[in-house]
$ cat coords_10.csv   # CSV, C-alpha atoms
chain,number,residue,atom,x,y,z
A,1,MET,CA,12.2,8.7,34.2
A,2,LYS,CA,13.7,6.5,31.4
A,3,VAL,CA,11.0,5.4,28.9
A,4,LEU,CA,10.8,4.1,25.4
A,5,MET,CA,9.1,6.4,22.9
A,6,VAL,CA,7.3,4.8,19.9
A,7,GLU,CA,6.2,7.3,17.2
A,8,PRO,CA,4.4,6.4,13.9
A,9,GLY,CA,6.7,5.9,11.0
A,10,LYS,CA,9.9,5.7,13.2
A,11,SER,CA,11.9,3.2,15.2
A,12,PRO,CA,11.5,3.4,19.0
A,13,TYR,CA,14.0,5.3,21.0
A,14,GLU,CA,15.0,5.7,24.6
A,15,THR,CA,14.3,9.1,26.2
A,16,GLU,CA,13.9,10.7,29.6
A,17,ILE,CA,10.9,12.6,30.8
A,18,GLU,CA,9.7,13.8,34.2
A,19,GLY,CA,7.5,11.4,36.0
A,20,GLY,CA,4.4,13.6,36.5
A,21,LEU,CA,1.1,13.5,34.7
A,22,GLU,CA,1.8,16.7,32.6
A,23,SER,CA,5.0,15.2,31.1
A,24,LEU,CA,3.2,12.0,30.2
A,25,GLN,CA,0.4,14.0,28.6
A,26,ALA,CA,2.9,16.2,26.6
A,27,ALA,CA,4.6,13.0,25.3
A,28,VAL,CA,1.4,11.5,23.9
A,29,GLY,CA,-0.3,14.8,23.0
A,30,GLY,CA,-3.3,14.7,25.3
A,31,ASP,CA,-5.1,12.8,28.1
A,32,ILE,CA,-3.4,9.6,28.8
A,33,GLN,CA,-4.6,6.0,28.8
A,34,ALA,CA,-2.5,3.3,30.5
A,35,THR,CA,-2.8,-0.3,29.4
A,36,TYR,CA,-0.9,-3.4,30.4
A,37,PRO,CA,-0.9,-5.8,27.4
A,38,PHE,CA,2.4,-7.6,28.1
A,39,ASP,CA,3.5,-10.1,30.7
A,40,ASP,CA,6.5,-8.0,31.8
A,41,LEU,CA,6.2,-5.3,34.4
A,42,VAL,CA,5.6,-2.5,31.9
A,43,GLY,CA,2.8,-0.2,30.9
A,44,LEU,CA,1.8,1.2,27.6
A,45,ILE,CA,0.8,4.8,27.8
A,46,CYS,CA,-1.0,6.4,24.8
A,47,ASN,CA,-3.5,9.2,24.0
A,48,ASP,CA,-6.9,8.3,25.4
A,49,GLU,CA,-8.7,9.9,22.5
A,50,GLY,CA,-6.2,9.0,19.8
A,51,LYS,CA,-8.6,7.2,17.5
A,52,LEU,CA,-11.4,9.7,18.0
A,53,ILE,CA,-9.3,12.7,17.0
A,54,GLY,CA,-7.7,10.8,14.1
A,55,LEU,CA,-4.1,10.4,15.2
A,56,PRO,CA,-2.1,8.3,12.7
A,57,LEU,CA,-2.1,4.6,13.4
A,58,ASN,CA,1.1,3.4,14.9
A,59,ARG,CA,1.7,-0.2,15.9
A,60,ALA,CA,-0.5,-3.4,16.2
A,61,LEU,CA,-1.1,-5.4,19.4
A,62,TYR,CA,-1.6,-9.1,19.2
A,63,ASP,CA,-3.1,-11.7,21.5
A,64,ASP,CA,-1.4,-14.9,22.7
A,65,GLU,CA,-2.4,-16.7,19.5
A,66,GLY,CA,-0.9,-14.0,17.3
A,67,HIS,CA,-4.2,-12.4,16.3
A,68,LEU,CA,-4.3,-8.6,15.8
A,69,TYR,CA,-6.8,-7.2,18.4
A,70,ASP,CA,-6.0,-3.5,18.5
A,71,ILE,CA,-3.9,-0.8,16.9
A,72,VAL,CA,-2.3,2.0,19.0
A,73,PRO,CA,-2.8,5.5,17.4
A,74,GLY,CA,-0.3,8.3,17.8
A,75,ASN,CA,2.8,8.4,20.0
A,76,PHE,CA,3.0,5.9,22.9
A,77,LEU,CA,5.4,5.2,25.7
A,78,ILE,CA,6.6,1.9,27.2
A,79,VAL,CA,7.3,2.6,30.9
A,80,GLY,CA,8.4,0.5,33.9
A,81,LEU,CA,6.0,-0.3,36.7
A,82,GLY,CA,6.9,0.3,40.3
A,83,GLU,CA,4.9,-0.7,43.4
A,84,GLU,CA,2.5,2.3,43.2
A,85,ASP,CA,3.5,4.3,40.1
A,86,PHE,CA,5.3,4.3,36.8
A,87,THR,CA,9.1,4.1,37.0
A,88,ASP,CA,12.2,3.8,34.8
A,89,LEU,CA,12.1,1.1,32.1
A,90,PRO,CA,15.0,-1.3,32.8
A,91,ALA,CA,17.7,-1.6,30.2
A,92,ASP,CA,16.8,-5.2,29.2
A,93,LEU,CA,13.2,-4.2,28.6
A,94,ILE,CA,14.2,-1.2,26.6
A,95,GLU,CA,16.2,-3.5,24.4
A,96,LYS,CA,13.3,-6.1,24.2
A,97,TYR,CA,10.6,-3.6,23.3
A,98,THR,CA,12.8,-1.6,20.9
A,99,GLU,CA,13.2,-4.9,19.0
A,100,ARG,CA,9.5,-5.7,19.3
A,101,PHE,CA,8.4,-2.3,17.8
A,102,LYS,CA,11.5,-1.7,15.6
A,103,TYR,CA,9.7,-1.5,12.3
A,104,PRO,CA,7.0,1.1,11.4
A,105,GLU,CA,3.7,-0.5,10.3
A,106,LYS,CA,1.0,0.3,7.7
A,107,PHE,CA,-2.5,-1.2,8.0
A,108,PHE,CA,-4.8,-2.6,5.3
A,109,ARG,CA,-8.0,-4.4,5.0
A,110,LEU,CA,-7.6,-7.8,3.3
A,111,ALA,CA,-10.3,-10.4,3.0
A,112,GLY,CA,-12.4,-8.6,5.6
A,113,GLU,CA,-9.5,-8.5,8.2
A,114,ILE,CA,-7.1,-5.8,9.2
A,115,VAL,CA,-3.5,-6.7,8.6
A,116,ALA,CA,-0.3,-4.9,9.6
A,117,VAL,CA,2.6,-4.7,7.1
A,118,LYS,CA,6.0,-3.9,8.4
A,119,GLN,CA,7.7,-1.0,6.6
A,120,PRO,CA,11.4,-0.5,5.9
A,121,LEU,CA,13.4,1.7,8.3
A,122,PRO,CA,14.0,5.2,7.2
A,123,PRO,CA,17.5,5.4,5.4
A,124,GLU,CA,19.2,7.3,8.2
A,125,GLU,CA,18.1,4.8,10.8
A,126,LYS,CA,19.4,1.9,8.7
A,127,GLN,CA,22.7,3.5,8.6
A,128,GLN,CA,22.8,4.1,12.4
A,129,SER,CA,21.9,0.5,13.1
A,130,ALA,CA,24.2,-1.2,10.6
A,131,SER,CA,26.3,-3.8,12.3
A,132,VAL,CA,29.4,-2.8,10.2
A,133,MET,CA,29.6,0.4,12.3
A,134,GLU,CA,30.3,-1.5,15.5
A,135,GLU,CA,33.9,-2.6,14.9
A,136,PRO,CA,36.7,-0.1,14.6
A,137,GLY,CA,38.4,-0.3,11.2
A,138,ARG,CA,35.7,-2.4,9.7
A,139,ASP,CA,34.4,0.6,7.8
A,140,ASP,CA,37.6,0.8,5.8
A,141,ILE,CA,37.6,-2.9,5.0
A,142,ARG,CA,34.0,-2.8,3.8
A,143,LEU,CA,34.8,0.3,1.7
A,144,ASP,CA,37.6,-1.6,0.0
A,145,ASP,CA,35.4,-4.6,-0.7
A,146,THR,CA,32.6,-2.4,-1.9
A,147,THR,CA,34.8,-0.5,-4.3
A,148,ASP,CA,36.3,-3.7,-5.8
A,149,LEU,CA,32.9,-5.3,-6.3
A,150,ALA,CA,31.4,-2.1,-7.8
A,151,PHE,CA,34.4,-1.8,-10.2
A,152,ASP,CA,34.0,-5.4,-11.4
A,153,LEU,CA,30.3,-5.1,-11.9
A,154,ASP,CA,30.6,-2.0,-14.0
A,155,GLU,CA,33.4,-3.5,-16.0
A,156,PHE,CA,31.4,-6.7,-16.6
A,157,PHE,CA,28.3,-4.7,-17.9
A,158,ARG,CA,30.5,-2.4,-20.0
A,159,GLN,CA,32.5,-5.2,-21.7
A,160,ASN,CA,29.5,-7.3,-22.5
A,161,SER,CA,26.8,-4.8,-23.4
A,162,GLY,CA,27.1,-1.9,-25.9
A,163,ALA,CA,23.7,-0.7,-24.8
A,164,TYR,CA,24.9,-0.4,-21.2
A,165,ALA,CA,28.0,1.7,-22.3
A,166,ASP,CA,25.7,3.9,-24.4
A,167,LEU,CA,23.2,4.4,-21.6
A,168,TYR,CA,25.8,5.0,-18.9
A,169,PRO,CA,28.8,6.6,-20.5
A,170,ASP,CA,30.3,7.9,-17.2
A,171,SER,CA,31.9,4.8,-15.8
A,172,HIS,CA,33.0,6.6,-12.6
A,173,ALA,CA,29.5,7.7,-11.8
A,174,GLU,CA,28.1,4.2,-12.3
A,175,LYS,CA,30.7,2.7,-10.1
A,176,GLU,CA,29.8,5.2,-7.4
A,177,ARG,CA,26.1,4.5,-7.8
A,178,MET,CA,26.6,0.8,-7.4
A,179,ALA,CA,29.0,1.3,-4.4
A,180,ASP,CA,26.3,3.4,-2.7
A,181,GLU,CA,23.8,0.6,-3.3
A,182,LEU,CA,26.1,-1.9,-1.8
A,183,LEU,CA,26.9,0.2,1.2
A,184,SER,CA,23.3,0.9,1.9
A,185,GLY,CA,22.5,-2.8,1.8
A,186,ASP,CA,20.4,-2.4,-1.3
A,187,THR,CA,22.0,-5.4,-3.1
A,188,GLY,CA,18.6,-6.4,-4.5
A,189,LYS,CA,18.8,-3.7,-7.1
A,190,ILE,CA,22.1,-5.1,-8.3
A,191,ARG,CA,20.6,-8.6,-8.4
A,192,MET,CA,17.8,-7.3,-10.5
A,193,ARG,CA,20.2,-5.6,-12.9
A,194,LEU,CA,22.2,-8.8,-13.3
A,195,ALA,CA,19.0,-10.8,-14.0
A,196,ALA,CA,17.8,-8.3,-16.6
A,197,PHE,CA,21.3,-8.3,-18.2
A,198,GLU,CA,21.4,-12.1,-18.4
A,199,ARG,CA,18.0,-12.2,-20.0
A,200,GLU,CA,18.4,-9.4,-22.5
A,201,GLU,CA,21.9,-10.3,-23.6
A,202,HIS,CA,21.2,-14.0,-23.7
A,203,MET,CA,24.2,-14.8,-21.4
A,204,GLU,CA,22.6,-17.4,-19.2
A,205,GLY,CA,24.9,-18.5,-16.4
A,206,GLU,CA,27.5,-15.8,-17.2
A,207,THR,CA,26.5,-13.7,-14.1
A,208,ALA,CA,27.0,-16.6,-11.7
A,209,PRO,CA,30.5,-15.6,-10.4
A,210,LEU,CA,29.2,-12.1,-9.7
A,211,LEU,CA,26.1,-13.4,-8.0
A,212,ALA,CA,28.3,-15.6,-5.8
A,213,ARG,CA,30.4,-12.5,-4.8
A,214,ILE,CA,27.2,-10.6,-4.0
A,215,SER,CA,26.1,-13.5,-1.7
A,216,SER,CA,29.5,-13.5,0.0
A,217,TYR,CA,29.3,-9.7,0.4
A,218,GLU,CA,25.8,-10.0,2.0
A,219,LYS,CA,27.0,-12.8,4.3
A,220,GLU,CA,30.0,-10.8,5.4
A,221,TYR,CA,28.1,-7.6,6.2
A,222,GLY,CA,24.9,-9.1,7.5
A,223,ILE,CA,22.6,-8.2,4.6
A,224,SER,CA,19.5,-10.3,3.9
A,225,THR,CA,17.6,-10.0,0.6
A,226,TYR,CA,14.9,-11.8,-1.3
A,227,SER,CA,14.0,-12.2,-4.9
A,228,ILE,CA,10.6,-12.8,-6.5
A,229,TYR,CA,10.4,-15.1,-9.6
A,230,GLN,CA,7.3,-15.4,-11.8
A,231,LEU,CA,6.6,-17.6,-14.8
A,232,GLY,CA,7.7,-16.1,-18.1
A,233,LEU,CA,5.3,-15.5,-20.9
A,234,SER,CA,5.5,-18.5,-23.2
A,235,ASP,CA,3.4,-21.5,-24.4
A,236,ASN,CA,5.4,-23.7,-22.1
A,237,THR,CA,4.1,-21.9,-19.0
A,238,ASP,CA,0.5,-21.2,-19.9
A,239,ASN,CA,-0.8,-24.4,-18.3
A,240,LEU,CA,1.3,-24.0,-15.2
A,241,ARG,CA,0.4,-20.5,-14.1
A,242,PHE,CA,-1.5,-20.2,-10.8
A,243,MET,CA,-1.5,-24.0,-10.3
A,244,SER,CA,-0.8,-25.6,-6.9
A,245,LEU,CA,2.3,-27.7,-6.3
A,246,ASP,CA,0.1,-30.8,-5.7
A,247,TRP,CA,-1.5,-30.3,-9.1
A,248,LEU,CA,2.0,-30.1,-10.7
A,249,GLU,CA,3.2,-33.2,-9.0
A,250,SER,CA,0.0,-35.1,-9.9
A,251,LYS,CA,0.7,-34.4,-13.5
A,252,GLY,CA,4.4,-35.4,-13.2
A,253,PHE,CA,5.8,-31.9,-13.5
A,254,SER,CA,8.3,-30.2,-11.3
A,255,VAL,CA,9.1,-26.5,-10.8
A,256,ASP,CA,11.6,-25.6,-13.5
A,257,ARG,CA,13.9,-22.7,-12.9
A,258,ASP,CA,14.3,-22.2,-16.6
A,259,HIS,CA,10.6,-21.2,-16.9
A,260,TYR,CA,10.9,-18.4,-14.4
A,261,GLN,CA,12.2,-14.8,-14.5
A,262,MET,CA,13.3,-12.7,-11.6
A,263,VAL,CA,10.9,-9.7,-11.5
A,264,TYR,CA,12.0,-8.1,-8.3
A,265,ALA,CA,14.6,-8.2,-5.5
A,266,ARG,CA,15.0,-6.1,-2.4
A,267,GLN,CA,16.6,-6.0,1.1
A,268,ARG,CA,14.8,-8.2,3.6
A,269,GLU,CA,14.1,-6.5,7.0
A,270,PRO,CA,14.9,-8.5,10.2
A,271,GLY,CA,11.9,-10.4,11.2
A,272,GLU,CA,10.2,-10.1,7.8
A,273,THR,CA,8.5,-13.4,7.1
A,274,LEU,CA,7.2,-15.0,3.9
A,275,GLU,CA,3.7,-14.1,4.9
A,276,ASP,CA,4.8,-10.4,5.4
A,277,ILE,CA,6.3,-10.6,1.8
A,278,TYR,CA,3.1,-12.0,0.5
A,279,ARG,CA,1.0,-9.3,2.1
A,280,ARG,CA,3.4,-6.6,0.9
A,281,PHE,CA,3.2,-7.7,-2.8
A,282,ASN,CA,-0.5,-8.0,-2.7
A,283,ILE,CA,-1.7,-4.8,-0.9
A,284,ASP,CA,1.4,-2.5,-0.7
A,285,HIS,CA,3.4,-2.9,-3.9
A,286,PRO,CA,6.7,-1.0,-4.0
A,287,GLU,CA,6.5,1.7,-6.6
A,288,ASP,CA,9.1,0.1,-8.8
A,289,PHE,CA,7.5,-3.4,-8.8
A,290,ARG,CA,6.3,-4.3,-12.3
A,291,GLY,CA,5.2,-7.9,-11.8
A,292,HIS,CA,1.7,-9.1,-10.9
A,293,SER,CA,0.5,-9.5,-7.3
A,294,LEU,CA,2.2,-12.4,-5.6
A,295,SER,CA,0.2,-15.5,-6.5
A,296,VAL,CA,0.2,-19.3,-6.6
A,297,SER,CA,3.0,-20.6,-8.8
A,298,ASP,CA,5.4,-17.7,-8.0
A,299,VAL,CA,8.6,-18.4,-6.2
A,300,VAL,CA,10.2,-16.3,-3.4
A,301,VAL,CA,13.9,-16.8,-2.8
A,302,LEU,CA,15.5,-15.8,0.5
A,303,HIS,CA,19.2,-14.9,0.2
A,304,GLU,CA,20.7,-15.1,3.7
A,305,ASN,CA,24.1,-16.0,5.1
A,306,GLY,CA,25.4,-16.7,1.7
A,307,ALA,CA,22.8,-19.3,0.9
A,308,ASP,CA,19.6,-19.3,-1.2
A,309,ALA,CA,16.3,-20.9,-0.1
A,310,ALA,CA,13.4,-21.0,-2.6
A,311,TYR,CA,9.8,-21.2,-1.6
A,312,TYR,CA,6.8,-22.0,-3.9
A,313,VAL,CA,3.7,-19.8,-3.3
A,314,ASP,CA,1.1,-22.5,-2.9
A,315,SER,CA,-2.7,-22.3,-2.6
A,316,ILE,CA,-2.1,-22.5,1.2
A,317,GLY,CA,1.2,-21.2,2.5
A,318,PHE,CA,4.6,-21.8,1.0
A,319,LYS,CA,6.5,-25.0,0.2
A,320,GLU,CA,10.3,-25.1,0.0
A,321,LEU,CA,11.9,-26.0,-3.3
A,322,PRO,CA,15.3,-27.5,-2.4
A,323,GLY,CA,16.4,-28.1,-6.0
A,324,PHE,CA,15.2,-24.8,-7.6
A,325,PHE,CA,18.8,-23.6,-8.3
A,326,ASP,CA,20.5,-27.0,-8.7
A,327,ALA,CA,22.1,-27.4,-12.2
A,328,GLY,CA,21.6,-31.2,-11.8
A,329,ALA,CA,18.0,-31.0,-10.9
A,330,PRO,CA,15.7,-33.5,-12.6
A,331,GLU,CA,13.9,-30.8,-14.6
A,332,ALA,CA,17.2,-29.7,-16.1
A,333,ARG,CA,17.7,-33.2,-17.5
A,334,ARG,CA,14.4,-33.6,-19.1
A,335,ASP,CA,14.4,-34.5,-22.8
A,336,VAL,CA,10.9,-33.3,-23.7
A,337,SER,CA,9.3,-29.9,-23.3
A,338,VAL,CA,6.6,-29.1,-20.8
A,339,ARG,CA,4.2,-28.6,-23.8
A,340,GLU,CA,5.0,-32.2,-24.9
A,341,GLN,CA,4.5,-33.5,-21.3
A,342,LEU,CA,1.1,-31.8,-21.2
A,343,ASP,CA,0.1,-33.3,-24.5
A,344,ASN,CA,1.2,-36.8,-23.3
A,345,ALA,CA,-0.8,-36.4,-20.1
A,346,ARG,CA,-3.9,-35.4,-22.1
A,347,LYS,CA,-3.5,-38.4,-24.4
A,348,GLN,CA,-3.2,-40.8,-21.5
A,349,ALA,CA,-6.3,-39.3,-19.9
A,350,ALA,CA,-8.2,-39.6,-23.1
A,351,GLN,CA,-7.4,-43.3,-23.4
A,352,THR,CA,-8.8,-44.0,-19.9
A,353,GLU,CA,-11.7,-41.6,-19.6
A,354,PRO,CA,-14.8,-41.0,-21.7
A,355,LYS,CA,-14.4,-38.2,-24.1
A,356,ALA,CA,-15.7,-34.8,-22.8
A,357,PRO,CA,-14.9,-31.2,-23.3
A,358,ASP,CA,-11.6,-30.3,-21.7
A,359,LYS,CA,-13.0,-28.2,-18.7
A,360,ARG,CA,-10.4,-28.9,-16.1
A,361,PRO,CA,-11.1,-26.4,-13.4
A,362,ARG,CA,-8.2,-24.1,-12.6
A,363,GLU,CA,-7.4,-23.6,-9.0
A,364,PRO,CA,-8.3,-20.1,-7.9
A,365,GLU,CA,-5.6,-17.5,-7.5
A,366,ARG,CA,-4.6,-17.3,-3.8
A,367,SER,CA,-5.9,-14.2,-2.2

$ encode --input "coords_10.csv" --output "structure tokens"
Amino acid sequence: MKVLMVEPGKSPYETEIEGGLESLQAAVGGDIQATYPFDDLVGLICNDEGKLIGLPLNRALYDDEGHLYDIVPGNFLIVGLGEEDFTDLPADLIEKYTERFKYPEKFFRLAGEIVAVKQPLPPEEKQQSASVMEEPGRDDIRLDDTTDLAFDLDEFFRQNSGAYADLYPDSHAEKERMADELLSGDTGKIRMRLAAFEREEHMEGETAPLLARISSYEKEYGISTYSIYQLGLSDNTDNLRFMSLDWLESKGFSVDRDHYQMVYARQREPGETLEDIYRRFNIDHPEDFRGHSLSVSDVVVLHENGADAAYYVDSIGFKELPGFFDAGAPEARRDVSVREQLDNARKQAAQTEPKAPDKRPREPERS
């Protein structure tokens, strides 16, 4: 009988088992429980005592309104339903539920609720599912593109930074390392490296041609990434940190790209939403993340299909920032600093309101 096996920490996979009770019990590691949580003619078979015996939590189940109502522990099967018994799972439903349960999940308690956070695929599964493996000869084309881009990246760093050359004297090894990152889809690491280089070497704008090539590479080979930007530490940003977009607009301010620094970038998994990213960077930080938990006033930039879309983390949800990267954006043409704008706003308020201690409440950090 053809079924779909879903194990904790892994992507689902098609397998064949005998249709009897013993084979079902062997697959889930004990007495079985059959449930029917989906509209399709399928059953979900899991271990009846999985939670009692402490099997690892596997995947979440959601109601029609998208609310998490249960978590399946341990291995479970998705099987087809015949007139009187379980039967083969049709190919179209194998594909559908493989996609539905594609990503492993971890579970956390946040603000009194259990939330599921999708996890990256294991590296070997990423490589097997990469779209570039589907077309004959495409591997060679990608390898050439990768080698050229890695060579140019290393040459750029080496020619413009003595510190880089001292830190990485073996040029060949560095080119190979960056090529491996490109081939694995981990272009976020290279984006972070370029951002750090631009900041440390005071070469604002000099990395733009290479970033454009990375965007083209991502578009060509179906790689989606995202970057997290947080306000830099300066007097100009103290009064803007953790403030909502409505507050900024009420004071006549806009979100200025020059006040932000990229603090992290990584590959975006298919189906990963802005809310998934928010949860990840609040309750399940990657080990190499050095910024603060994602909060109001931060910006998340999605890099997809060769285009960038920026979103402001607001007190409720996210708001798109169409002009975040535009060189001609109004904030780029201002002739006074943010500090001066704040001082002017305070002076205007003082002229129209009775004098009182400045106790403007700050909006609470989103949680």

$ closest_residue --input "coords_10.csv" --among "A:Ile223, A:Leu274, A:Val263, A:Ala91" --to "Asp288 (chain A)" --atoms "all atoms listed in the file"
A:Val263

$ residues_around --input "coords_10.csv" --residues "Glu14 (chain A)" --least-positions-apart "2" --cutoff "8 Å" --atoms "all atoms listed in the file" --output "MDAnalysis selection string"
chainID A and resid 2:5 12 16 94

$ atom_distance --input "coords_10.csv" --atom1 "CA of Ile71 (chain A)" --atom2 "CA of Asn58 (chain A)"
6.8 Å

$ atom_distance --input "coords_10.csv" --atom1 "CA of Ala27 (chain A)" --atom2 "CA of Leu93 (chain A)"
19.5 Å

$ residues_around --input "coords_10.csv" --residues "Leu231 (chain A)" --least-positions-apart "4" --cutoff "8 Å" --atoms "only C-alpha atoms" --output "list of chain:residue names"
A:Thr237, A:Arg241, A:His259, A:Tyr260, A:Gln261, A:Ser297, A:Asp298

$ atom_distance --input "coords_10.csv" --atom1 "CA of Arg158 (chain A)" --atom2 "CA of Asp170 (chain A)"
10.7 Å

$ residues_near_point --input "coords_10.csv" --point "(7.6, 0.2, 11.9)" --cutoff "8 Å" --atoms "all atoms listed in the file" --output "count of residues only"
16

$ closest_residue --input "coords_10.csv" --among "A:Val117, A:Asp308, A:Gly232, A:Phe76" --to "Asn282 (chain A)" --atoms "all atoms listed in the file"
A:Val117

$ closest_residue --input "coords_10.csv" --among "A:Val115, A:Leu182, A:Met203, A:Leu153" --to "Tyr278 (chain A)" --atoms "all atoms listed in the file"
A:Val115

$ closest_residue --input "coords_10.csv" --among "A:Leu41, A:Leu77, A:Val313, A:Ile32" --to "Val300 (chain A)" --atoms "all atoms listed in the file"
A:Val313

$ residues_near_point --input "coords_10.csv" --point "(33.1, -0.2, -4.4)" --cutoff "9 Å" --atoms "all atoms listed in the file" --output "count of residues only"
18

$ closest_residue --input "coords_10.csv" --among "A:Glu287, A:Pro73, A:Phe325, A:Leu61" --to "Ala208 (chain A)" --atoms "all atoms listed in the file"
A:Phe325
